[in-house]
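Colleague: First the structure, which I've put down as structure tokens, then a few questions once you've had a look.
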Amino acid sequence: EFRFELVYTAEDLDHVKEDLDRVLSLLDLLEDDALGGGGSRGNGRVQIRLEGCRLRPRSFYLEKGEEQDLSVEDPKTLPAQVTDSLQGA
């Protein structure tokens, strides 16, 4: 078991939803495949569990604003949650 953190910086708000949809799809693909060699023998198999998603809008950095914790119960809703939050920020 190991932990990792993924940081995504939104440079163009028009691409956020598409980018995050792709990231989630690639994580699904990784679960269906394997890391390194020997995947056909069961080596390198991974299970990815999202434990949290923290959104830090521009105001967090420029105005000492609040960060937001988004729900990860249904990871497929994360892209919409992020874009909705950023558009409201």
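Going by the structure tokens order, chains are called A, B, ..., each with residues numbered from 1, while ligands are numbered from 1 in the order shown.
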Please provide as a short mmCIF file (atom, residue, chain, number, x, y, z; two decimals) with C-alpha atoms, in the first residue's frame all residues within 12 Å of A:Glu18, with the sequence filter that same-chain residues fewer than 2 positions apart are discarded (counting only C-alpha atoms).

Modeller:
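The new file selection30.cif reads:
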data_model
loop_
_atom_site.label_atom_id
_atom_site.label_comp_id
_atom_site.auth_asym_id
_atom_site.auth_seq_id
_atom_site.Cartn_x
_atom_site.Cartn_y
_atom_site.Cartn_z
CA ALA A 10 -6.28 24.99 -13.68
CA ASP A 12 -7.94 27.56 -18.46
CA LEU A 13 -11.34 27.17 -16.78
CA ASP A 14 -12.84 26.03 -20.09
CA HIS A 15 -10.69 22.87 -19.95
CA VAL A 16 -11.07 21.90 -16.28
CA LEU A 20 -10.45 16.03 -14.79
CA ASP A 21 -12.70 13.60 -16.71
CA ARG A 22 -9.55 12.36 -18.46
CA VAL A 23 -7.60 12.03 -15.21
CA LEU A 24 -10.38 9.91 -13.69
CA SER A 25 -10.57 7.77 -16.84
CA LYS A 76 -17.41 10.82 -11.52
CA LEU A 78 -15.78 15.60 -9.15
CA PRO A 79 -15.22 17.41 -12.49
CA ALA A 80 -18.64 19.06 -12.29
CA VAL A 82 -14.82 21.57 -9.37
CA THR A 83 -16.07 23.57 -12.33
#

Colleague: Can you list every residue in chain A that DSSP puts in strand (DSSP E or B), as a PyMOL selection string?

Modeller: chain A and resi 53-55+68-70

Colleague: Report as a PyMOL selection string all protein, DNA and RNA residues lying within 10 Å of A:Val7, evaluated on only C-alpha atoms, omitting residues in the same chain fewer than 5 positions from it.

Modeller: chain A and resi 53-55

Colleague: From the options A:Ser71, A:Leu50, A:Gly65, A:Arg58, which residue's atoms come nearest to A:Phe4, counting only C-alpha atoms?

Modeller: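 Among the listed residues, A:Leu50 lies closest to A:Phe4.
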
Colleague: Which residues, written as a PyMOL selection string, have at least one atom at most 12 Å from A:Leu29, with only C-alpha atoms counted and residues fewer than 6 positions away on the same chain left out?

Modeller: chain A and resi 22-23+35+45-48

Colleague: Write the selection just made, keeping N, CA and C atoms, as a compact mmCIF listing (two decimals), in the first residue's frame?

Modeller:
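After the write, part.txt holds the following:
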# COMPACT_ATOMS: atom_id res chain seq x y z
N ARG A 22 -10.64 13.20 -17.93
CA ARG A 22 -9.55 12.36 -18.46
C ARG A 22 -8.70 11.76 -17.34
N VAL A 23 -8.40 12.55 -16.33
CA VAL A 23 -7.60 12.03 -15.21
C VAL A 23 -8.32 10.86 -14.56
N LEU A 35 1.10 -1.87 -13.20
CA LEU A 35 2.34 -1.10 -13.19
C LEU A 35 3.50 -2.04 -13.44
N ARG A 45 -0.64 -5.04 -10.02
CA ARG A 45 -2.05 -4.63 -9.98
C ARG A 45 -2.23 -3.57 -8.90
N VAL A 46 -3.09 -2.59 -9.18
CA VAL A 46 -3.34 -1.53 -8.21
C VAL A 46 -4.84 -1.31 -8.06
N GLN A 47 -5.20 -0.84 -6.88
CA GLN A 47 -6.56 -0.40 -6.62
C GLN A 47 -6.43 1.03 -6.12
N ILE A 48 -7.16 1.93 -6.74
CA ILE A 48 -7.06 3.34 -6.38
C ILE A 48 -8.30 3.72 -5.59

Colleague: Based on DSSP run over this structure's backbone, return all residues of chain A in helix (DSSP H, G or I), as a count of residues only.

Modeller: 42

Colleague: Could you check how far atom CA of A:Leu26 sits from atom CA of A:Pro75, in Å to one decimal?

Modeller: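 It comes out at 12.7 Å.
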
Colleague: What is the distance, in Å and to one decimal place, between atom CA of A:Phe2 and atom CA of A:Val72?

Modeller: 18.9 Å

Colleague: For a quick check of understanding, using only C-alpha atoms, which of A:Tyr8, A:Gln68, A:Gln87, A:Glu31 has the smallest distance to A:Arg49?

Modeller: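 Comparing A:Tyr8, A:Gln68, A:Gln87, A:Glu31 against A:Arg49, the winner is A:Glu31.
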
Colleague: So how far away is atom CA of A:Glu73 from atom CA of A:Pro57, in Å?

Modeller: 21.4 Å
